[in-house]
Each structure stands twice: as structure tokens, then as C-alpha cells.
file target.txt (compact mmCIF, N, CA and C atoms)
# COMPACT_ATOMS: atom_id res chain seq x y z
N MET U 1 -53.13 -39.78 -60.07
CA MET U 1 -51.83 -40.35 -60.30
C MET U 1 -50.79 -39.36 -59.79
N GLY U 2 -49.81 -39.85 -59.01
CA GLY U 2 -48.79 -38.98 -58.44
C GLY U 2 -47.67 -38.70 -59.41
N ASP U 3 -46.89 -37.72 -59.06
CA ASP U 3 -45.72 -37.38 -59.87
C ASP U 3 -44.67 -38.48 -59.76
N VAL U 4 -43.98 -38.71 -60.85
CA VAL U 4 -42.88 -39.67 -60.87
C VAL U 4 -41.59 -38.87 -60.89
N GLN U 5 -40.71 -39.16 -59.94
CA GLN U 5 -39.44 -38.45 -59.89
C GLN U 5 -38.43 -39.18 -60.77
N ILE U 6 -37.91 -38.48 -61.76
CA ILE U 6 -36.92 -39.04 -62.68
C ILE U 6 -35.55 -38.58 -62.22
N PRO U 7 -34.63 -39.53 -61.96
CA PRO U 7 -33.31 -39.13 -61.49
C PRO U 7 -32.52 -38.38 -62.55
N GLU U 8 -31.67 -37.50 -62.09
CA GLU U 8 -30.76 -36.79 -62.99
C GLU U 8 -29.88 -37.81 -63.70
N PRO U 9 -29.53 -37.57 -64.97
CA PRO U 9 -28.70 -38.54 -65.70
C PRO U 9 -27.33 -38.77 -65.08
N ASN U 10 -26.80 -37.76 -64.40
CA ASN U 10 -25.49 -37.90 -63.78
C ASN U 10 -25.57 -38.15 -62.28
N ALA U 11 -26.77 -38.49 -61.77
CA ALA U 11 -26.87 -38.86 -60.36
C ALA U 11 -26.04 -40.12 -60.15
N LEU U 12 -25.41 -40.20 -58.99
CA LEU U 12 -24.52 -41.33 -58.72
C LEU U 12 -25.27 -42.52 -58.15
N LEU U 13 -24.75 -43.71 -58.48
CA LEU U 13 -25.25 -44.97 -57.94
C LEU U 13 -24.07 -45.79 -57.45
N THR U 14 -24.30 -46.59 -56.43
CA THR U 14 -23.39 -47.68 -56.12
C THR U 14 -24.11 -48.94 -56.53
N VAL U 15 -23.41 -49.83 -57.19
CA VAL U 15 -24.00 -51.06 -57.71
C VAL U 15 -23.24 -52.23 -57.09
N LEU U 16 -23.98 -53.16 -56.54
CA LEU U 16 -23.41 -54.29 -55.82
C LEU U 16 -23.60 -55.58 -56.60
N THR U 17 -22.54 -56.37 -56.66
CA THR U 17 -22.63 -57.73 -57.16
C THR U 17 -21.70 -58.60 -56.33
N THR U 18 -21.86 -59.91 -56.43
CA THR U 18 -20.99 -60.86 -55.73
C THR U 18 -20.59 -61.96 -56.69
N THR U 19 -19.48 -62.61 -56.36
CA THR U 19 -19.02 -63.75 -57.14
C THR U 19 -18.23 -64.67 -56.23
N ASP U 20 -17.90 -65.86 -56.73
CA ASP U 20 -17.38 -66.90 -55.83
C ASP U 20 -15.87 -67.03 -55.75
N THR U 21 -15.10 -66.19 -56.45
CA THR U 21 -13.64 -66.24 -56.30
C THR U 21 -13.08 -64.82 -56.37
N PRO U 22 -11.93 -64.59 -55.73
CA PRO U 22 -11.32 -63.25 -55.83
C PRO U 22 -10.90 -62.91 -57.26
N THR U 23 -10.49 -63.90 -58.03
CA THR U 23 -10.09 -63.66 -59.42
C THR U 23 -11.28 -63.18 -60.24
N LYS U 24 -12.43 -63.83 -60.08
CA LYS U 24 -13.64 -63.40 -60.81
C LYS U 24 -14.05 -61.99 -60.38
N ALA U 25 -13.93 -61.69 -59.09
CA ALA U 25 -14.28 -60.35 -58.60
C ALA U 25 -13.37 -59.31 -59.24
N THR U 26 -12.08 -59.59 -59.30
CA THR U 26 -11.13 -58.67 -59.92
C THR U 26 -11.43 -58.50 -61.40
N ASP U 27 -11.74 -59.60 -62.08
CA ASP U 27 -12.07 -59.52 -63.51
C ASP U 27 -13.31 -58.67 -63.75
N LEU U 28 -14.34 -58.84 -62.92
CA LEU U 28 -15.56 -58.03 -63.06
C LEU U 28 -15.26 -56.56 -62.80
N ALA U 29 -14.50 -56.29 -61.74
CA ALA U 29 -14.18 -54.91 -61.37
C ALA U 29 -13.36 -54.23 -62.47
N ARG U 30 -12.27 -54.87 -62.87
CA ARG U 30 -11.39 -54.28 -63.89
C ARG U 30 -12.12 -54.14 -65.24
N GLY U 31 -12.88 -55.15 -65.60
CA GLY U 31 -13.59 -55.12 -66.88
C GLY U 31 -14.62 -54.01 -66.95
N ALA U 32 -15.37 -53.80 -65.87
CA ALA U 32 -16.39 -52.76 -65.85
C ALA U 32 -15.76 -51.37 -65.92
N VAL U 33 -14.65 -51.18 -65.22
CA VAL U 33 -13.95 -49.89 -65.27
C VAL U 33 -13.35 -49.69 -66.66
N GLN U 34 -12.73 -50.73 -67.21
CA GLN U 34 -12.15 -50.62 -68.55
C GLN U 34 -13.22 -50.30 -69.59
N ALA U 35 -14.41 -50.87 -69.44
CA ALA U 35 -15.51 -50.62 -70.38
C ALA U 35 -16.19 -49.27 -70.15
N ARG U 36 -15.75 -48.54 -69.13
CA ARG U 36 -16.29 -47.22 -68.78
C ARG U 36 -17.75 -47.26 -68.36
N VAL U 37 -18.21 -48.41 -67.87
CA VAL U 37 -19.56 -48.48 -67.31
C VAL U 37 -19.53 -48.27 -65.80
N ALA U 38 -18.34 -48.24 -65.22
CA ALA U 38 -18.12 -47.89 -63.82
C ALA U 38 -16.84 -47.08 -63.74
N ALA U 39 -16.82 -46.11 -62.82
CA ALA U 39 -15.62 -45.29 -62.63
C ALA U 39 -14.64 -45.96 -61.69
N CYS U 40 -15.17 -46.76 -60.79
CA CYS U 40 -14.37 -47.35 -59.73
C CYS U 40 -15.08 -48.61 -59.26
N ALA U 41 -14.30 -49.55 -58.76
CA ALA U 41 -14.89 -50.75 -58.18
C ALA U 41 -14.05 -51.15 -56.97
N GLN U 42 -14.72 -51.53 -55.91
CA GLN U 42 -14.04 -51.98 -54.71
C GLN U 42 -14.46 -53.41 -54.41
N ILE U 43 -13.49 -54.21 -54.02
CA ILE U 43 -13.72 -55.64 -53.75
C ILE U 43 -13.51 -55.90 -52.27
N SER U 44 -14.46 -56.57 -51.64
CA SER U 44 -14.27 -57.01 -50.26
C SER U 44 -14.61 -58.48 -50.16
N GLY U 45 -13.97 -59.11 -49.22
CA GLY U 45 -14.26 -60.51 -49.01
C GLY U 45 -13.07 -61.21 -48.40
N PRO U 46 -13.25 -62.44 -48.12
CA PRO U 46 -14.48 -63.18 -48.38
C PRO U 46 -15.59 -62.81 -47.41
N ILE U 47 -16.81 -62.96 -47.90
CA ILE U 47 -18.01 -62.80 -47.10
C ILE U 47 -18.75 -64.13 -47.13
N THR U 48 -19.63 -64.32 -46.19
CA THR U 48 -20.46 -65.53 -46.17
C THR U 48 -21.86 -65.15 -46.61
N SER U 49 -22.36 -65.82 -47.64
CA SER U 49 -23.71 -65.58 -48.14
C SER U 49 -24.57 -66.79 -47.82
N VAL U 50 -25.77 -66.53 -47.34
CA VAL U 50 -26.75 -67.57 -47.06
C VAL U 50 -27.97 -67.26 -47.92
N TYR U 51 -28.40 -68.24 -48.71
CA TYR U 51 -29.49 -68.00 -49.66
C TYR U 51 -30.16 -69.32 -50.02
N ARG U 52 -31.34 -69.20 -50.62
CA ARG U 52 -32.05 -70.38 -51.10
C ARG U 52 -31.86 -70.45 -52.61
N TRP U 53 -31.45 -71.63 -53.11
CA TRP U 53 -31.25 -71.81 -54.55
C TRP U 53 -31.75 -73.19 -54.93
N ASP U 54 -32.60 -73.27 -55.94
CA ASP U 54 -33.19 -74.54 -56.39
C ASP U 54 -33.81 -75.31 -55.23
N GLY U 55 -34.48 -74.58 -54.34
CA GLY U 55 -35.21 -75.20 -53.25
C GLY U 55 -34.37 -75.61 -52.06
N ALA U 56 -33.07 -75.38 -52.09
CA ALA U 56 -32.19 -75.78 -50.99
C ALA U 56 -31.56 -74.55 -50.35
N LEU U 57 -31.36 -74.62 -49.05
CA LEU U 57 -30.66 -73.57 -48.34
C LEU U 57 -29.16 -73.74 -48.55
N GLU U 58 -28.51 -72.68 -49.02
CA GLU U 58 -27.09 -72.74 -49.35
C GLU U 58 -26.31 -71.75 -48.50
N THR U 59 -25.07 -72.07 -48.23
CA THR U 59 -24.11 -71.16 -47.60
C THR U 59 -22.85 -71.20 -48.45
N ALA U 60 -22.37 -70.03 -48.84
CA ALA U 60 -21.21 -69.98 -49.73
C ALA U 60 -20.30 -68.81 -49.38
N GLN U 61 -19.04 -68.98 -49.68
CA GLN U 61 -18.07 -67.90 -49.55
C GLN U 61 -18.07 -67.12 -50.86
N GLU U 62 -18.19 -65.79 -50.76
CA GLU U 62 -18.22 -64.96 -51.96
C GLU U 62 -17.37 -63.70 -51.74
N TRP U 63 -17.13 -62.99 -52.85
CA TRP U 63 -16.46 -61.70 -52.82
C TRP U 63 -17.44 -60.68 -53.36
N GLN U 64 -17.51 -59.55 -52.69
CA GLN U 64 -18.47 -58.50 -53.03
C GLN U 64 -17.75 -57.42 -53.84
N VAL U 65 -18.38 -56.99 -54.90
CA VAL U 65 -17.84 -55.93 -55.75
C VAL U 65 -18.83 -54.77 -55.73
N VAL U 66 -18.37 -53.60 -55.32
CA VAL U 66 -19.19 -52.39 -55.30
C VAL U 66 -18.66 -51.46 -56.39
N LEU U 67 -19.51 -51.12 -57.34
CA LEU U 67 -19.12 -50.31 -58.49
C LEU U 67 -19.79 -48.94 -58.39
N LYS U 68 -19.09 -47.90 -58.83
CA LYS U 68 -19.64 -46.55 -58.84
C LYS U 68 -19.92 -46.14 -60.27
N THR U 69 -21.16 -45.66 -60.50
CA THR U 69 -21.56 -45.25 -61.84
C THR U 69 -22.60 -44.14 -61.73
N THR U 70 -23.17 -43.77 -62.88
CA THR U 70 -24.24 -42.77 -62.92
C THR U 70 -25.53 -43.45 -63.36
N THR U 71 -26.65 -42.78 -63.10
CA THR U 71 -27.93 -43.36 -63.51
C THR U 71 -28.00 -43.56 -65.02
N SER U 72 -27.39 -42.66 -65.78
CA SER U 72 -27.44 -42.81 -67.24
C SER U 72 -26.60 -43.99 -67.73
N ARG U 73 -25.57 -44.38 -66.97
CA ARG U 73 -24.72 -45.50 -67.38
C ARG U 73 -25.15 -46.82 -66.75
N TYR U 74 -26.13 -46.77 -65.82
CA TYR U 74 -26.55 -48.00 -65.16
C TYR U 74 -27.01 -49.07 -66.15
N PRO U 75 -27.87 -48.76 -67.13
CA PRO U 75 -28.30 -49.83 -68.05
C PRO U 75 -27.12 -50.53 -68.74
N ALA U 76 -26.11 -49.76 -69.14
CA ALA U 76 -24.93 -50.36 -69.79
C ALA U 76 -24.15 -51.21 -68.80
N LEU U 77 -24.06 -50.77 -67.53
CA LEU U 77 -23.36 -51.55 -66.52
C LEU U 77 -24.11 -52.85 -66.24
N GLU U 78 -25.43 -52.77 -66.11
CA GLU U 78 -26.21 -53.99 -65.87
C GLU U 78 -26.04 -54.98 -67.02
N THR U 79 -26.12 -54.49 -68.24
CA THR U 79 -25.92 -55.35 -69.41
C THR U 79 -24.54 -55.97 -69.39
N TRP U 80 -23.52 -55.16 -69.10
CA TRP U 80 -22.14 -55.64 -69.07
C TRP U 80 -21.98 -56.73 -68.01
N LEU U 81 -22.49 -56.47 -66.80
CA LEU U 81 -22.38 -57.47 -65.73
C LEU U 81 -23.11 -58.76 -66.09
N THR U 82 -24.29 -58.63 -66.66
CA THR U 82 -25.06 -59.82 -67.04
C THR U 82 -24.31 -60.66 -68.08
N GLN U 83 -23.65 -59.99 -69.02
CA GLN U 83 -22.92 -60.70 -70.06
C GLN U 83 -21.62 -61.33 -69.56
N HIS U 84 -21.00 -60.73 -68.54
CA HIS U 84 -19.68 -61.19 -68.11
C HIS U 84 -19.69 -61.98 -66.81
N HIS U 85 -20.82 -62.06 -66.16
CA HIS U 85 -20.92 -62.78 -64.90
C HIS U 85 -21.24 -64.24 -65.19
N ASP U 86 -20.67 -65.16 -64.41
CA ASP U 86 -20.93 -66.58 -64.68
C ASP U 86 -22.08 -67.15 -63.85
N TYR U 87 -22.70 -66.36 -62.97
CA TYR U 87 -23.86 -66.84 -62.22
C TYR U 87 -25.09 -66.83 -63.14
N ASP U 88 -26.00 -67.80 -62.92
CA ASP U 88 -27.26 -67.81 -63.68
C ASP U 88 -28.08 -66.55 -63.38
N THR U 89 -28.11 -66.17 -62.11
CA THR U 89 -28.86 -65.00 -61.68
C THR U 89 -27.95 -64.16 -60.79
N PRO U 90 -27.08 -63.35 -61.38
CA PRO U 90 -26.17 -62.57 -60.54
C PRO U 90 -26.91 -61.48 -59.76
N GLU U 91 -26.42 -61.24 -58.56
CA GLU U 91 -26.93 -60.12 -57.78
C GLU U 91 -26.44 -58.84 -58.43
N ILE U 92 -27.38 -57.99 -58.82
CA ILE U 92 -27.05 -56.67 -59.35
C ILE U 92 -28.05 -55.72 -58.71
N ILE U 93 -27.58 -54.97 -57.71
CA ILE U 93 -28.44 -54.08 -56.93
C ILE U 93 -27.85 -52.68 -56.99
N ALA U 94 -28.66 -51.71 -57.38
CA ALA U 94 -28.21 -50.32 -57.44
C ALA U 94 -28.84 -49.52 -56.31
N THR U 95 -28.02 -48.70 -55.67
CA THR U 95 -28.48 -47.84 -54.60
C THR U 95 -28.11 -46.40 -54.94
N PRO U 96 -29.07 -45.47 -54.87
CA PRO U 96 -28.74 -44.07 -55.14
C PRO U 96 -27.81 -43.51 -54.08
N VAL U 97 -26.89 -42.68 -54.52
CA VAL U 97 -26.03 -41.93 -53.62
C VAL U 97 -26.74 -40.61 -53.35
N THR U 98 -27.07 -40.35 -52.10
CA THR U 98 -27.83 -39.14 -51.80
C THR U 98 -26.97 -37.90 -51.70
N THR U 99 -25.70 -38.07 -51.33
CA THR U 99 -24.80 -36.93 -51.20
C THR U 99 -23.39 -37.37 -51.57
N ALA U 100 -22.70 -36.54 -52.33
CA ALA U 100 -21.30 -36.81 -52.69
C ALA U 100 -20.62 -35.47 -52.91
N SER U 101 -19.31 -35.46 -52.76
CA SER U 101 -18.59 -34.22 -53.04
C SER U 101 -18.73 -33.89 -54.53
N GLU U 102 -18.73 -32.62 -54.82
CA GLU U 102 -18.88 -32.18 -56.21
C GLU U 102 -17.76 -32.72 -57.09
N ASN U 103 -16.54 -32.69 -56.58
CA ASN U 103 -15.40 -33.17 -57.37
C ASN U 103 -15.50 -34.66 -57.64
N TYR U 104 -15.90 -35.45 -56.64
CA TYR U 104 -16.02 -36.89 -56.83
C TYR U 104 -17.12 -37.20 -57.84
N ALA U 105 -18.26 -36.54 -57.70
CA ALA U 105 -19.38 -36.76 -58.63
C ALA U 105 -18.96 -36.42 -60.07
N ALA U 106 -18.22 -35.33 -60.22
CA ALA U 106 -17.75 -34.95 -61.56
C ALA U 106 -16.79 -36.00 -62.11
N TRP U 107 -15.93 -36.53 -61.23
CA TRP U 107 -14.96 -37.56 -61.66
C TRP U 107 -15.70 -38.82 -62.12
N VAL U 108 -16.69 -39.27 -61.36
CA VAL U 108 -17.45 -40.47 -61.75
C VAL U 108 -18.12 -40.23 -63.10
N THR U 109 -18.71 -39.07 -63.28
CA THR U 109 -19.37 -38.75 -64.55
C THR U 109 -18.37 -38.77 -65.70
N THR U 110 -17.22 -38.15 -65.51
CA THR U 110 -16.20 -38.13 -66.56
C THR U 110 -15.71 -39.52 -66.89
N GLU U 111 -15.44 -40.32 -65.87
CA GLU U 111 -14.86 -41.65 -66.09
C GLU U 111 -15.87 -42.65 -66.67
N THR U 112 -17.15 -42.36 -66.60
CA THR U 112 -18.14 -43.27 -67.18
C THR U 112 -18.72 -42.76 -68.49
N THR U 113 -18.18 -41.66 -68.97
CA THR U 113 -18.63 -41.13 -70.25
C THR U 113 -17.89 -41.88 -71.37
N PRO U 114 -18.63 -42.51 -72.28
CA PRO U 114 -17.96 -43.25 -73.37
C PRO U 114 -17.10 -42.29 -74.20
N THR U 115 -15.97 -42.82 -74.64
CA THR U 115 -15.08 -41.97 -75.47
C THR U 115 -15.25 -42.29 -76.93

call {"tool": "encode", "arguments": {"input": "target.txt", "output": "C-alpha cells"}}
result
Amino acid sequence: MGDVQIPEPNALLTVLTTTDTPTKATDLARGAVQARVAACAQISGPITSVYRWDGALETAQEWQVVLKTTTSRYPALETWLTQHHDYDTPEIIATPVTTASENYAAWVTTETTPT
């Protein structure tokens, strides 16, 4: 059995989700930052998403929200997004940040620490 690498609790992640209106994207972004499960959120869009849902090929306009958090706060962010998102199966994808400035990483850690 090989070694399992456990990420540092303050390692940074970018977390991606999408939604179908700019208002919903703003609500998700602001709510996650207010709840301190993300330090920052950026919204882009509209984007075009192509996917299969209930056996049919769909094309939809969506807005993408990219949230910055730490590995230790990811479970709380995923729970928060799941509770506040109106999609049956929201896209919630986390990607490790391999390199970041020390000051930015410290800021993300501070801003996602519950008070």
C-alpha cells in the first residue's frame, strides 16, 4: 500500500460552481464570503454549458463562480453551496492551488477562519 499525501489544512483551493442567472451567482458569491467559507469569489459569464441531463442533451447559459478557500474550510464550503444552490446537482469542483504568494495565502486563511 502506498503513502497517502494529506494536504496541509491551510493549503489553498479554488472551487468552481455555476448557476443560471447573474443574481444567483452574486448571491452565492456574497453568501459564501459572508459565511467565511470563502475568502473571495469571482463571477464570470455568461458562459455556454453543454451537458446531458435526464437523458437529453442540453445547452444553457450560465454564470461561473470561482471561490477561494483552504482545504480545512472546503467541507464547510461544499455544505454551504449544497444548501444554498438551487440546482439538484450543482457543480462543485475543487482544484488545489500549487503556488501562491505568501501574503495572499495568509489572507485567504485569515478570511476563512471562523470568528

call {"tool": "residues_around", "arguments": {"input": "target.txt", "residues": "Gly45 (chain U)", "least_positions_apart": "3", "cutoff": "6 Å", "atoms": "only N, CA and C atoms", "output": "PyMOL selection string"}}
result
chain U and resi 62-64

call {"tool": "atom_distance", "arguments": {"input": "target.txt", "atom1": "atom N of Leu57 (chain U)", "atom2": "atom N of Thr18 (chain U)"}}
result
19.0 Å

call {"tool": "select_by_dssp", "arguments": {"input": "target.txt", "residues": "chain U", "states": "alpha helix (DSSP H)", "output": "VMD selection string"}}
result
chain U and resid 22 to 34 74 to 84 102 to 111

call {"tool": "write_last_selection", "arguments": {"input": "target.txt", "atoms": "N, CA and C atoms", "output": "compact mmCIF listing (two decimals), in the frame of the given file"}}
result
# COMPACT_ATOMS: atom_id res chain seq x y z
N PRO U 22 -11.93 -64.59 -55.73
CA PRO U 22 -11.32 -63.25 -55.83
C PRO U 22 -10.90 -62.91 -57.26
N THR U 23 -10.49 -63.90 -58.03
CA THR U 23 -10.09 -63.66 -59.42
C THR U 23 -11.28 -63.18 -60.24
N LYS U 24 -12.43 -63.83 -60.08
CA LYS U 24 -13.64 -63.40 -60.81
C LYS U 24 -14.05 -61.99 -60.38
N ALA U 25 -13.93 -61.69 -59.09
CA ALA U 25 -14.28 -60.35 -58.60
C ALA U 25 -13.37 -59.31 -59.24
N THR U 26 -12.08 -59.59 -59.30
CA THR U 26 -11.13 -58.67 -59.92
C THR U 26 -11.43 -58.50 -61.40
N ASP U 27 -11.74 -59.60 -62.08
CA ASP U 27 -12.07 -59.52 -63.51
C ASP U 27 -13.31 -58.67 -63.75
N LEU U 28 -14.34 -58.84 -62.92
CA LEU U 28 -15.56 -58.03 -63.06
C LEU U 28 -15.26 -56.56 -62.80
N ALA U 29 -14.50 -56.29 -61.74
CA ALA U 29 -14.18 -54.91 -61.37
C ALA U 29 -13.36 -54.23 -62.47
N ARG U 30 -12.27 -54.87 -62.87
CA ARG U 30 -11.39 -54.28 -63.89
C ARG U 30 -12.12 -54.14 -65.24
N GLY U 31 -12.88 -55.15 -65.60
CA GLY U 31 -13.59 -55.12 -66.88
C GLY U 31 -14.62 -54.01 -66.95
N ALA U 32 -15.37 -53.80 -65.87
CA ALA U 32 -16.39 -52.76 -65.85
C ALA U 32 -15.76 -51.37 -65.92
N VAL U 33 -14.65 -51.18 -65.22
CA VAL U 33 -13.95 -49.89 -65.27
C VAL U 33 -13.35 -49.69 -66.66
N GLN U 34 -12.73 -50.73 -67.21
CA GLN U 34 -12.15 -50.62 -68.55
C GLN U 34 -13.22 -50.30 -69.59
N TYR U 74 -26.13 -46.77 -65.82
CA TYR U 74 -26.55 -48.00 -65.16
C TYR U 74 -27.01 -49.07 -66.15
N PRO U 75 -27.87 -48.76 -67.13
CA PRO U 75 -28.30 -49.83 -68.05
C PRO U 75 -27.12 -50.53 -68.74
N ALA U 76 -26.11 -49.76 -69.14
CA ALA U 76 -24.93 -50.36 -69.79
C ALA U 76 -24.15 -51.21 -68.80
N LEU U 77 -24.06 -50.77 -67.53
CA LEU U 77 -23.36 -51.55 -66.52
C LEU U 77 -24.11 -52.85 -66.24
N GLU U 78 -25.43 -52.77 -66.11
CA GLU U 78 -26.21 -53.99 -65.87
C GLU U 78 -26.04 -54.98 -67.02
N THR U 79 -26.12 -54.49 -68.24
CA THR U 79 -25.92 -55.35 -69.41
C THR U 79 -24.54 -55.97 -69.39
N TRP U 80 -23.52 -55.16 -69.10
CA TRP U 80 -22.14 -55.64 -69.07
C TRP U 80 -21.98 -56.73 -68.01
N LEU U 81 -22.49 -56.47 -66.80
CA LEU U 81 -22.38 -57.47 -65.73
C LEU U 81 -23.11 -58.76 -66.09
N THR U 82 -24.29 -58.63 -66.66
CA THR U 82 -25.06 -59.82 -67.04
C THR U 82 -24.31 -60.66 -68.08
N GLN U 83 -23.65 -59.99 -69.02
CA GLN U 83 -22.92 -60.70 -70.06
C GLN U 83 -21.62 -61.33 -69.56
N HIS U 84 -21.00 -60.73 -68.54
CA HIS U 84 -19.68 -61.19 -68.11
C HIS U 84 -19.69 -61.98 -66.81
N GLU U 102 -18.73 -32.62 -54.82
CA GLU U 102 -18.88 -32.18 -56.21
C GLU U 102 -17.76 -32.72 -57.09
N ASN U 103 -16.54 -32.69 -56.58
CA ASN U 103 -15.40 -33.17 -57.37
C ASN U 103 -15.50 -34.66 -57.64
N TYR U 104 -15.90 -35.45 -56.64
CA TYR U 104 -16.02 -36.89 -56.83
C TYR U 104 -17.12 -37.20 -57.84
N ALA U 105 -18.26 -36.54 -57.70
CA ALA U 105 -19.38 -36.76 -58.63
C ALA U 105 -18.96 -36.42 -60.07
N ALA U 106 -18.22 -35.33 -60.22
CA ALA U 106 -17.75 -34.95 -61.56
C ALA U 106 -16.79 -36.00 -62.11
N TRP U 107 -15.93 -36.53 -61.23
CA TRP U 107 -14.96 -37.56 -61.66
C TRP U 107 -15.70 -38.82 -62.12
N VAL U 108 -16.69 -39.27 -61.36
CA VAL U 108 -17.45 -40.47 -61.75
C VAL U 108 -18.12 -40.23 -63.10
N THR U 109 -18.71 -39.07 -63.28
CA THR U 109 -19.37 -38.75 -64.55
C THR U 109 -18.37 -38.77 -65.70
N THR U 110 -17.22 -38.15 -65.51
CA THR U 110 -16.20 -38.13 -66.56
C THR U 110 -15.71 -39.52 -66.89
N GLU U 111 -15.44 -40.32 -65.87
CA GLU U 111 -14.86 -41.65 -66.09
C GLU U 111 -15.87 -42.65 -66.67

call {"tool": "atom_distance", "arguments": {"input": "target.txt", "atom1": "CA of Gln83 (chain U)", "atom2": "atom N of Ala106 (chain U)"}}
result
27.6 Å

call {"tool": "closest_residue", "arguments": {"input": "target.txt", "among": "U:Leu12, U:Ala60, U:Ala41, U:Ala32", "to": "Thr98 (chain U)", "atoms": "only N, CA and C atoms"}}
result
U:Leu12

call {"tool": "closest_residue", "arguments": {"input": "target.txt", "among": "U:Tyr51, U:Val108, U:Pro90, U:Pro114", "to": "Ala39 (chain U)", "atoms": "all atoms listed in the file"}}
result
U:Val108

call {"tool": "residues_around", "arguments": {"input": "target.txt", "residues": "region 75-82 of chain U", "least_positions_apart": "3", "cutoff": "8 Å", "atoms": "only C-alpha atoms", "output": "mmCIF file with N, CA and C atoms, keeping the file's coordinate frame"}}
result
data_model
loop_
_atom_site.group_PDB
_atom_site.id
_atom_site.type_symbol
_atom_site.label_atom_id
_atom_site.label_comp_id
_atom_site.auth_asym_id
_atom_site.auth_seq_id
_atom_site.Cartn_x
_atom_site.Cartn_y
_atom_site.Cartn_z
ATOM 1 N N LEU U 28 -14.340 -58.840 -62.920
ATOM 2 C CA LEU U 28 -15.560 -58.030 -63.060
ATOM 3 C C LEU U 28 -15.260 -56.560 -62.800
ATOM 4 N N ALA U 32 -15.370 -53.800 -65.870
ATOM 5 C CA ALA U 32 -16.390 -52.760 -65.850
ATOM 6 C C ALA U 32 -15.760 -51.370 -65.920
ATOM 7 N N VAL U 37 -18.210 -48.410 -67.870
ATOM 8 C CA VAL U 37 -19.560 -48.480 -67.310
ATOM 9 C C VAL U 37 -19.530 -48.270 -65.800
ATOM 10 N N ALA U 38 -18.340 -48.240 -65.220
ATOM 11 C CA ALA U 38 -18.120 -47.890 -63.820
ATOM 12 C C ALA U 38 -16.840 -47.080 -63.740
ATOM 13 N N THR U 71 -26.650 -42.780 -63.100
ATOM 14 C CA THR U 71 -27.930 -43.360 -63.510
ATOM 15 C C THR U 71 -28.000 -43.560 -65.020
ATOM 16 N N SER U 72 -27.390 -42.660 -65.780
ATOM 17 C CA SER U 72 -27.440 -42.810 -67.240
ATOM 18 C C SER U 72 -26.600 -43.990 -67.730
ATOM 19 N N HIS U 85 -20.820 -62.060 -66.160
ATOM 20 C CA HIS U 85 -20.920 -62.780 -64.900
ATOM 21 C C HIS U 85 -21.240 -64.240 -65.190
ATOM 22 N N PRO U 90 -27.080 -63.350 -61.380
ATOM 23 C CA PRO U 90 -26.170 -62.570 -60.540
ATOM 24 C C PRO U 90 -26.910 -61.480 -59.760
ATOM 25 N N ILE U 92 -27.380 -57.990 -58.820
ATOM 26 C CA ILE U 92 -27.050 -56.670 -59.350
ATOM 27 C C ILE U 92 -28.050 -55.720 -58.710
#

call {"tool": "atom_distance", "arguments": {"input": "target.txt", "atom1": "CA of Arg52 (chain U)", "atom2": "CA of Lys24 (chain U)"}}
result
22.0 Å

call {"tool": "closest_residue", "arguments": {"input": "target.txt", "among": "U:Leu16, U:Ala35, U:Ala105, U:Ala11", "to": "Ile93 (chain U)", "atoms": "only C-alpha atoms"}}
result
U:Leu16

call {"tool": "axis_aligned_box", "arguments": {"input": "target.txt", "around": "region 30-48 of chain U", "padding_each_side": "8 Å", "output": "lines of an AutoDock Vina configuration file"}}
result
center_x = -16.6
center_y = -55.4
center_z = -58.3
size_x = 26.5
size_y = 36.2
size_z = 40.2

call {"tool": "closest_residue", "arguments": {"input": "target.txt", "among": "U:Thr110, U:Thr26, U:Thr19, U:Asn10", "to": "Tyr87 (chain U)", "atoms": "only N, CA and C atoms"}}
result
U:Thr19

call {"tool": "closest_residue", "arguments": {"input": "target.txt", "among": "U:Val65, U:Ile47, U:Ala56, U:Cys40", "to": "Tyr104 (chain U)", "atoms": "only C-alpha atoms"}}
result
U:Cys40

call {"tool": "closest_residue", "arguments": {"input": "target.txt", "among": "U:Leu67, U:Val15, U:Glu58, U:Glu8", "to": "Arg30 (chain U)", "atoms": "only C-alpha atoms"}}
result
U:Leu67
